[in-house]
Each structure stands twice: as C-alpha cells, then as structure tokens.
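Listing of model_32.tsv, TSV, C-alpha atoms
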```
chain	number	residue	atom	x	y	z
A	1	MET	CA	59.97	62.80	108.48
A	2	ILE	CA	63.39	62.64	110.16
A	3	TYR	CA	65.19	65.90	109.36
A	4	ILE	CA	68.53	65.24	111.06
A	5	THR	CA	70.21	61.85	110.94
A	6	GLU	CA	73.56	60.22	111.64
A	7	LYS	CA	72.93	57.64	108.91
A	8	PRO	CA	73.98	58.03	105.25
A	9	LEU	CA	71.24	59.83	103.31
A	10	ASP	CA	69.23	57.43	101.16
A	11	LEU	CA	68.91	59.60	98.05
A	12	PRO	CA	67.37	56.98	95.74
A	13	GLY	CA	64.98	55.78	98.47
A	14	ILE	CA	63.73	59.26	99.35
A	15	LEU	CA	63.47	60.26	95.68
A	16	ALA	CA	61.42	57.14	95.00
A	17	GLU	CA	58.88	58.36	97.56
A	18	SER	CA	58.83	61.92	96.20
A	19	HIS	CA	56.59	61.51	93.18
A	20	HIS	CA	53.12	63.01	92.98
A	21	PRO	CA	50.50	62.63	90.24
A	22	ALA	CA	49.97	66.39	89.98
A	23	ALA	CA	53.70	67.20	89.87
A	24	GLY	CA	55.32	67.65	86.47
A	25	ALA	CA	58.64	68.63	87.99
A	26	VAL	CA	60.78	67.10	90.73
A	27	VAL	CA	64.09	68.72	91.73
A	28	LEU	CA	66.64	66.95	93.92
A	29	PHE	CA	69.55	68.88	95.42
A	30	SER	CA	72.35	67.01	97.14
A	31	GLY	CA	74.97	69.05	99.03
A	32	GLU	CA	78.10	66.92	99.01
A	33	VAL	CA	81.52	67.02	100.65
A	34	ARG	CA	84.15	68.51	98.33
A	35	ASP	CA	87.75	67.25	98.42
A	36	ASN	CA	89.17	70.77	98.68
A	37	ASN	CA	88.53	74.10	100.33
A	38	VAL	CA	90.59	77.30	100.50
A	39	GLY	CA	93.39	75.49	98.66
A	40	LYS	CA	93.63	72.61	101.13
A	41	LYS	CA	92.80	68.94	100.59
A	42	VAL	CA	89.71	68.00	102.62
A	43	ASP	CA	89.67	64.53	104.15
A	44	TYR	CA	86.13	64.61	105.60
A	45	ILE	CA	83.64	66.93	107.33
A	46	GLU	CA	82.14	66.42	110.75
A	47	TYR	CA	78.68	67.98	111.20
A	48	GLU	CA	77.09	68.85	114.53
A	49	SER	CA	73.58	70.09	115.24
A	50	TYR	CA	71.32	71.27	118.01
A	51	VAL	CA	68.84	68.65	116.88
A	52	PRO	CA	65.51	69.59	118.55
A	53	MET	CA	65.69	73.12	117.26
A	54	ALA	CA	67.15	72.23	113.86
A	55	SER	CA	64.28	69.77	113.28
A	56	LYS	CA	61.68	72.33	114.26
A	57	MET	CA	63.22	74.96	111.98
A	58	ILE	CA	63.52	72.68	108.95
A	59	ASP	CA	59.87	71.69	109.43
A	60	GLN	CA	58.89	75.39	109.43
A	61	ILE	CA	61.06	76.17	106.35
A	62	LEU	CA	59.43	73.31	104.42
A	63	ASN	CA	55.97	74.55	105.41
A	64	ASP	CA	56.85	78.08	104.29
A	65	ALA	CA	58.03	76.75	100.91
A	66	ARG	CA	54.96	74.54	100.45
A	67	GLU	CA	52.70	77.49	101.06
A	68	ARG	CA	54.64	80.02	98.95
A	69	TRP	CA	55.02	77.80	95.85
A	70	ASN	CA	52.04	75.51	96.29
A	71	LEU	CA	54.33	72.46	96.33
A	72	HIS	CA	53.12	68.88	96.20
A	73	ILE	CA	56.29	67.59	97.87
A	74	ALA	CA	58.93	69.32	100.00
A	75	VAL	CA	61.48	67.14	101.75
A	76	ALA	CA	64.81	67.90	103.42
A	77	GLN	CA	67.27	65.88	105.44
A	78	HIS	CA	70.70	66.80	106.85
A	79	ARG	CA	73.28	64.31	107.97
A	80	ILE	CA	75.42	64.84	111.09
A	81	GLY	CA	78.61	63.15	112.25
A	82	LYS	CA	81.45	62.22	109.90
A	83	VAL	CA	80.67	62.63	106.19
A	84	LYS	CA	83.28	61.58	103.63
A	85	VAL	CA	84.20	63.20	100.30
A	86	SER	CA	81.47	62.75	97.65
A	87	GLU	CA	78.90	61.68	100.25
A	88	SER	CA	75.72	63.69	100.64
A	89	ALA	CA	75.51	65.94	103.69
A	90	VAL	CA	72.15	67.50	102.86
A	91	LEU	CA	69.26	66.60	100.61
A	92	VAL	CA	66.36	68.76	99.40
A	93	ILE	CA	63.58	67.50	97.14
A	94	THR	CA	60.77	69.67	95.80
A	95	ALA	CA	57.93	68.68	93.47
A	96	SER	CA	55.46	71.01	91.83
A	97	ALA	CA	53.24	71.32	88.78
A	98	HIS	CA	55.95	73.11	86.76
A	99	ARG	CA	59.75	73.34	86.99
A	100	SER	CA	60.14	77.02	87.88
A	101	GLU	CA	58.44	76.52	91.26
A	102	ALA	CA	60.38	73.31	91.96
A	103	TYR	CA	63.74	74.99	91.23
A	104	ALA	CA	62.97	78.25	93.07
A	105	SER	CA	61.60	76.56	96.16
A	106	ASN	CA	64.51	74.11	96.27
A	107	ARG	CA	67.03	76.99	96.34
A	108	TYR	CA	64.97	78.81	98.94
A	109	ILE	CA	64.95	75.76	101.22
A	110	ILE	CA	68.70	75.03	100.97
A	111	ASP	CA	69.55	78.72	101.44
A	112	ARG	CA	67.52	78.95	104.61
A	113	ILE	CA	68.91	75.66	105.95
A	114	LYS	CA	72.47	76.89	105.42
A	115	HIS	CA	71.93	80.32	106.96
A	116	GLU	CA	69.42	79.75	109.75
A	117	VAL	CA	69.34	76.17	111.00
A	118	PRO	CA	71.68	75.30	113.89
A	119	ILE	CA	73.98	72.92	112.04
A	120	TRP	CA	77.76	73.38	111.90
A	121	LYS	CA	80.60	71.87	109.93
A	122	CYS	CA	84.15	71.16	110.99
A	123	GLU	CA	86.40	70.47	108.02
A	124	TYR	CA	89.22	68.02	108.56
A	125	PHE	CA	92.16	68.32	106.20
A	126	GLU	CA	94.63	65.70	105.04
A	127	ASP	CA	97.28	67.11	107.38
A	128	GLY	CA	95.05	66.14	110.34
A	129	THR	CA	94.01	69.69	111.29
A	130	GLY	CA	90.35	70.61	111.72
A	131	VAL	CA	88.62	73.98	111.32
A	132	TRP	CA	85.07	75.05	112.18
A	133	GLY	CA	84.06	77.15	109.23
A	134	GLY	CA	81.77	78.32	106.48
A	135	ASN	CA	79.83	80.42	108.97
A	136	CYS	CA	76.93	82.54	107.88
A	137	ASN	CA	78.12	86.14	108.26
A	138	CYS	CA	75.11	87.96	106.80
A	139	HIS	CA	74.81	90.07	109.96
A	140	THR	CA	77.90	92.03	108.87
A	141	GLU	CA	75.77	93.29	105.97
A	142	THR	CA	72.29	93.29	107.53
A	143	GLY	CA	73.24	94.38	111.06
A	144	ASP	CA	70.90	91.73	112.50
A	145	LEU	CA	71.82	88.15	113.50
A	146	ASN	CA	68.40	87.00	112.31
A	147	LYS	CA	68.37	88.73	108.92
A	148	HIS	CA	70.02	86.90	106.04
A	149	ILE	CA	70.91	87.47	102.41
A	150	TYR	CA	69.89	84.53	100.27
A	151	GLU	CA	71.40	83.56	96.90
A	152	SER	CA	67.94	82.58	95.71
A	153	GLU	CA	66.66	86.12	96.18
A	154	ASN	CA	69.71	87.80	94.66
A	155	GLY	CA	70.70	85.96	91.59
B	1	MET	CA	72.00	78.66	135.23
B	2	LYS	CA	73.17	75.96	132.89
B	3	ILE	CA	74.94	76.91	129.66
B	4	GLU	CA	75.33	74.60	126.66
B	5	VAL	CA	77.50	75.49	123.69
B	6	PHE	CA	78.08	74.05	120.24
B	7	ALA	CA	80.66	73.83	117.46
B	8	ALA	CA	83.46	76.45	117.50
B	9	LEU	CA	82.39	77.63	120.96
B	10	LYS	CA	83.80	74.37	122.32
B	11	ASN	CA	87.26	75.79	121.50
B	12	TYR	CA	86.62	78.37	124.23
B	13	PHE	CA	84.24	76.76	126.76
B	14	SER	CA	83.26	73.35	128.13
B	15	LYS	CA	80.32	71.78	126.27
B	16	GLU	CA	78.12	72.36	129.34
B	17	PHE	CA	78.80	74.40	132.43
B	18	GLU	CA	77.05	76.26	135.25
B	19	ILE	CA	77.10	79.98	135.94
B	20	ALA	CA	76.33	80.90	139.54
B	21	ASP	CA	76.39	84.68	139.04
B	22	GLN	CA	73.09	86.55	138.90
B	23	LEU	CA	72.57	87.66	135.32
B	24	GLU	CA	69.45	89.55	134.37
B	25	THR	CA	69.36	89.46	130.60
B	26	VAL	CA	70.84	87.72	127.58
B	27	ALA	CA	73.00	90.81	127.01
B	28	ASP	CA	74.44	90.32	130.51
B	29	LEU	CA	75.15	86.68	129.74
B	30	ARG	CA	76.81	87.61	126.45
B	31	GLN	CA	79.10	90.04	128.31
B	32	HIS	CA	79.73	87.50	131.09
B	33	LEU	CA	80.90	84.88	128.56
B	34	LYS	CA	83.25	87.42	126.99
B	35	ASN	CA	84.64	88.21	130.45
B	36	ILE	CA	85.19	84.51	131.22
B	37	ASN	CA	87.13	84.08	127.98
B	38	PRO	CA	88.02	87.36	126.22
B	39	SER	CA	89.41	85.54	123.18
B	40	SER	CA	85.86	84.29	122.48
B	41	SER	CA	84.51	87.86	122.15
B	42	GLN	CA	84.36	88.06	118.37
B	43	LEU	CA	82.49	84.75	118.14
B	44	ILE	CA	80.20	85.50	121.11
B	45	ASN	CA	79.12	88.74	119.40
B	46	MET	CA	77.84	86.64	116.46
B	47	CYS	CA	76.01	84.02	118.56
B	48	ARG	CA	72.28	83.50	118.94
B	49	PHE	CA	70.80	82.42	122.28
B	50	VAL	CA	68.07	79.89	122.93
B	51	VAL	CA	65.88	79.33	126.00
B	52	ARG	CA	63.32	76.48	125.99
B	53	GLU	CA	63.93	75.92	122.26
B	54	ASP	CA	63.08	79.50	121.35
B	55	LEU	CA	65.51	82.07	119.99
B	56	VAL	CA	65.66	85.00	122.38
B	57	THR	CA	66.94	88.55	121.96
B	58	ASP	CA	69.47	90.41	124.09
B	59	THR	CA	66.71	92.01	126.17
B	60	HIS	CA	65.19	88.64	127.17
B	61	ARG	CA	65.15	88.24	130.97
B	62	LEU	CA	66.89	85.14	132.32
B	63	LEU	CA	65.89	83.02	135.32
B	64	ASP	CA	68.40	81.35	137.66
B	65	HIS	CA	67.36	77.84	136.64
B	66	ASP	CA	67.32	78.52	132.88
B	67	HIS	CA	69.12	76.20	130.48
B	68	VAL	CA	70.60	78.53	127.88
B	69	VAL	CA	71.90	77.20	124.58
B	70	VAL	CA	74.43	79.33	122.69
B	71	LEU	CA	74.50	78.94	118.91
B	72	PRO	CA	77.40	80.13	116.76
B	73	PRO	CA	76.50	81.24	113.19
B	74	SER	CA	75.18	78.32	111.16
B	75	SER	CA	77.44	76.53	108.68
B	76	GLY	CA	75.41	73.56	107.50
B	77	GLY	CA	75.08	72.27	103.95
```
Show the structure stored in the file as structure tokens.
Amino acid sequence: MIYITEKPLDLPGILAESHHPAAGAVVLFSGEVRDNNVGKKVDYIEYESYVPMASKMIDQILNDARERWNLHIAVAQHRIGKVKVSESAVLVITASAHRSEAYASNRYIIDRIKHEVPIWKCEYFEDGTGVWGGNCNCHTETGDLNKHIYESENG
Amino acid sequence: MKIEVFAALKNYFSKEFEIADQLETVADLRQHLKNINPSSSQLINMCRFVVREDLVTDTHRLLDHDHVVVLPPSSGG
C-alpha cells in the first residue's frame, strides 16, 4: 500500500477494493480542503511530508487499529503537494464485522495521523498569502511532545 | 552534522544545512538552532528530532556525521 502520494486520491477505486466477506460495516472518511479558514477564503492547500517516516508511522497506526478492533480492512492514504478545494487530502477506510468498530477505529486512525505523522499543511488564501498552520499543540496540555489528546477518546 | 528541516521551519532555516560545531545531544542542537535564529525559538521548542528514521529524545547523543531531521508539530489531514 502507498501511504503518501502526490496523485489525486482514488476514493472509488480504493473503496472498491475494501470489501470483505466477513465485514458487515465499511466506513470511509475523506478529509477534504475547505474553502475557508479563520474567516479567510482558502484557495488551496499545499501538503508536505517527511515521507519515509510518515509511511512507517501510518503502517504502524493501521496495524494498531487492526489489532485493537479486529478489523478486516484498514487503509489510509494522504496526498501531498497542491490540493484544491473539495479535493480529498486524506482517506481512511475501515471494515469490520459491525459498525461500532468500523467507526471507532476510523476516528482513531485519522486522529493519530493528524497528531503524530510528519505531514504539514500550508494554506494559501485568495489574497495570495500562505500560512503554515493547524499544528498539533497537545503538548501544551500534556507537557510531552509525544503525548496527544485524541477526539476519538474524548467525545 | 547535516540538518534537514520541514514546513514552517523553512521560514527560519535553509531546507538543508551543515553544522560544524561539536554538539553532544539533541538538547544542545535544539539550543544551537535557537541561537542561530532566535525568532525560531518558540517553534524549535515544539519540534521533534529524528536520527536514522527514529524519533529521539533531548538526551540522545549525536555523532558528527549524523543526519538530523527536525519535525515541526504535525498538521496533516
């Protein structure tokens, strides 16, 4: 599986390969570029990654999720480079016997990708300015750069 | 040693550069980067460091020929 790619994410193609006879539930999450942030019109987002490490970490996160929820399918892919409004920047698919595991594991995977994996976004606004942003700042609460607070565990 | 930075760190440093000074630990390197560019201090304090594709802590001992990658906080998704 390619975890980081410069190509547009093939959502229908990857979903088509994410069915399993023992899975009664398949959840697909697509993180897409919004046309606004902090009151400004977003033109596009440019993503950058430290690819060898990001790939290794996503592989480990998927393995953790498979083990914890006994998943039949766990897939994730993140796009880098320029991603336009309404295009998918990140895809997570989980398949399990029942829906609760598919939903919970899907949130767990996307949370960990957003907080831990070395991928960064630079938002470009319609006025031509660009800002690196959306940084994980969990350490201000946890006091440790490697300890995070995940939505999936808190709500 | 060779230093490689990503994302917002490129606003403060070249993408890749060499440091000739003898630095013993990651903590020393963190301080050295802040000395090179004091305006980067807040961001440097939040960065993780990688040697040979492994995250390392501030007490990790550095070698002269190490290639150290500096990662700002993640912002993917």
*Kindly determine which residues of chain B lie within 9 Å of chain A, considering only C-alpha atoms, and give the answer as a ChimeraX atom specification.*
/B:6-8,46-48,53-54,69,71-77
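With all atoms listed in the file taken into account, the protein and nucleic acid residues at most 9 Å from B:Asn37 (excluding it and anything under 5 positions from it in its own chain) are Tyr12, Phe13 and His32 of chain B.
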Just the residues within 10 Å of B:Leu63, please, counting all atoms listed in the file, with nothing from its chain fewer than 6 positions along; format it as an mmCIF file with C-alpha atoms, in the frame of the given file.
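The file below, around-v7.cif, is the result:
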```
data_model
loop_
_atom_site.group_PDB
_atom_site.id
_atom_site.type_symbol
_atom_site.label_atom_id
_atom_site.label_comp_id
_atom_site.auth_asym_id
_atom_site.auth_seq_id
_atom_site.Cartn_x
_atom_site.Cartn_y
_atom_site.Cartn_z
ATOM 1 C CA MET B 1 72.000 78.660 135.230
ATOM 2 C CA GLN B 22 73.090 86.550 138.900
ATOM 3 C CA LEU B 23 72.570 87.660 135.320
ATOM 4 C CA GLU B 24 69.450 89.550 134.370
ATOM 5 C CA THR B 25 69.360 89.460 130.600
#
```
*Point (95.7, 74.6, 100.7), cut-off 12 Å, counting only C-alpha atoms, residues as a list in words*: Asp35, Asn36, Asn37, Val38, Gly39, Lys40, Lys41, Val42, Phe125, Glu126, Asp127 and Thr129 of chain A
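Closest approach to B:Leu33 from the set B:Leu62, B:Thr57, B:Leu9, B:Val51 is made by B:Leu9, with distances taken over all atoms listed in the file.
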*asked:* Applying 12 Å and only C-alpha atoms, which residues near A:Val75 remain after dropping the ones on its own chain fewer than 2 positions away? List them as a PyMOL selection string.
replied: chain A and resi 1-4+11+14-15+17-19+26-30+58-63+65-66+71-73+77-78+90-95+102+105-106+109-110
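The interatomic distance for the pair atom CA of A:Met57 and atom CA of B:His65 works out to 25.2 Å.
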Using the file's own x, y and z axes, what box holds all listed atoms of stretch 21-25 of chain A with 4 Å on each side, keeping edges along x, y and z, and what are its centre and edge lengths in Å to one decimal, as AutoDock Vina command-line options?
```
--center_x 54.3 --center_y 65.6 --center_z 88.4 --size_x 16.7 --size_y 14.0 --size_z 11.8
```
*Given the choices A:Arg34, A:Lys82, A:His20, A:Arg68, which gets closest to A:Lys7 if the distance is worked out from all atoms listed in the file?*
A:Lys82
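The gap separating atom CA of A:Ala76 from atom CA of A:Ser152 is 16.9 Å, in Å to one decimal.
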*Close residues, B:Ile3 itself excluded, 7 Å, only C-alpha atoms, min 2 positions apart in chain, as JSON, numbers by chain*: {"B": [1, 5, 16, 17, 18, 67, 68, 69]}
Pop chain B out of the structure in the block and write C-alpha atoms as a short mmCIF file (atom, residue, chain, number, x, y, z; two decimals), in the first residue's frame.
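Once everything was written out, this is selection_26.cif:
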```
data_model
loop_
_atom_site.label_atom_id
_atom_site.label_comp_id
_atom_site.auth_asym_id
_atom_site.auth_seq_id
_atom_site.Cartn_x
_atom_site.Cartn_y
_atom_site.Cartn_z
CA MET B 1 26.38 17.18 11.01
CA LYS B 2 23.70 17.65 8.41
CA ILE B 3 20.37 19.21 9.40
CA GLU B 4 17.17 18.90 7.37
CA VAL B 5 14.04 20.87 8.21
CA PHE B 6 10.44 20.84 7.06
CA ALA B 7 7.37 23.04 6.72
CA ALA B 8 7.29 26.23 8.85
CA LEU B 9 10.95 25.73 9.83
CA LYS B 10 11.85 26.72 6.26
CA ASN B 11 10.75 30.26 7.21
CA TYR B 12 13.74 30.34 9.57
CA PHE B 13 16.39 28.00 8.10
CA SER B 14 17.58 26.61 4.76
CA LYS B 15 15.96 23.28 3.86
CA GLU B 16 19.30 21.54 4.46
CA PHE B 17 22.45 22.86 6.05
CA GLU B 18 25.60 21.74 7.86
CA ILE B 19 26.59 22.48 11.44
CA ALA B 20 30.32 22.25 12.10
CA ASP B 21 30.13 22.88 15.86
CA GLN B 22 30.54 19.93 18.23
CA LEU B 23 27.14 19.25 19.76
CA GLU B 24 26.73 16.39 22.19
CA THR B 25 23.00 15.91 22.50
CA VAL B 26 19.69 16.76 20.87
CA ALA B 27 19.13 19.33 23.62
CA ASP B 28 22.38 21.03 22.57
CA LEU B 29 21.23 21.04 18.96
CA ARG B 30 17.86 22.48 19.95
CA GLN B 31 19.63 25.32 21.79
CA HIS B 32 22.10 25.81 18.92
CA LEU B 33 19.24 26.25 16.42
CA LYS B 34 17.63 28.82 18.71
CA ASN B 35 20.95 30.67 18.92
CA ILE B 36 21.34 30.68 15.11
CA ASN B 37 17.87 32.17 14.72
CA PRO B 38 16.30 33.41 17.98
CA SER B 39 12.97 34.16 16.29
CA SER B 40 12.59 30.40 15.68
CA SER B 41 12.72 29.63 19.43
CA GLN B 42 9.01 29.13 20.03
CA LEU B 43 8.74 26.72 17.09
CA ILE B 44 12.01 24.90 17.89
CA ASN B 45 10.71 24.21 21.41
CA MET B 46 7.78 22.30 19.84
CA CYS B 47 9.85 20.29 17.34
CA ARG B 48 10.63 16.58 17.37
CA PHE B 49 14.02 15.30 16.20
CA VAL B 50 14.77 12.27 14.07
CA VAL B 51 18.01 10.34 13.55
CA ARG B 52 18.07 7.36 11.16
CA GLU B 53 14.26 7.48 10.89
CA ASP B 54 13.76 7.14 14.63
CA LEU B 55 12.34 9.81 16.91
CA VAL B 56 14.94 10.70 19.53
CA THR B 57 14.66 12.50 22.86
CA ASP B 58 16.62 15.50 24.08
CA THR B 59 19.14 13.28 25.87
CA HIS B 60 20.03 11.33 22.69
CA ARG B 61 23.77 11.62 21.92
CA LEU B 62 24.64 12.94 18.47
CA LEU B 63 27.54 11.92 16.24
CA ASP B 64 29.43 14.35 13.97
CA HIS B 65 28.25 12.64 10.79
CA ASP B 66 24.59 12.32 11.84
CA HIS B 67 21.81 13.46 9.52
CA VAL B 68 19.26 15.03 11.85
CA VAL B 69 15.72 15.75 10.67
CA VAL B 70 13.73 18.38 12.56
CA LEU B 71 9.96 18.00 12.55
CA PRO B 72 7.58 20.82 13.49
CA PRO B 73 4.25 19.75 15.08
CA SER B 74 2.15 17.77 12.62
CA SER B 75 -0.72 19.43 10.76
CA GLY B 76 -1.90 16.83 8.27
CA GLY B 77 -5.48 15.93 7.41
#
```
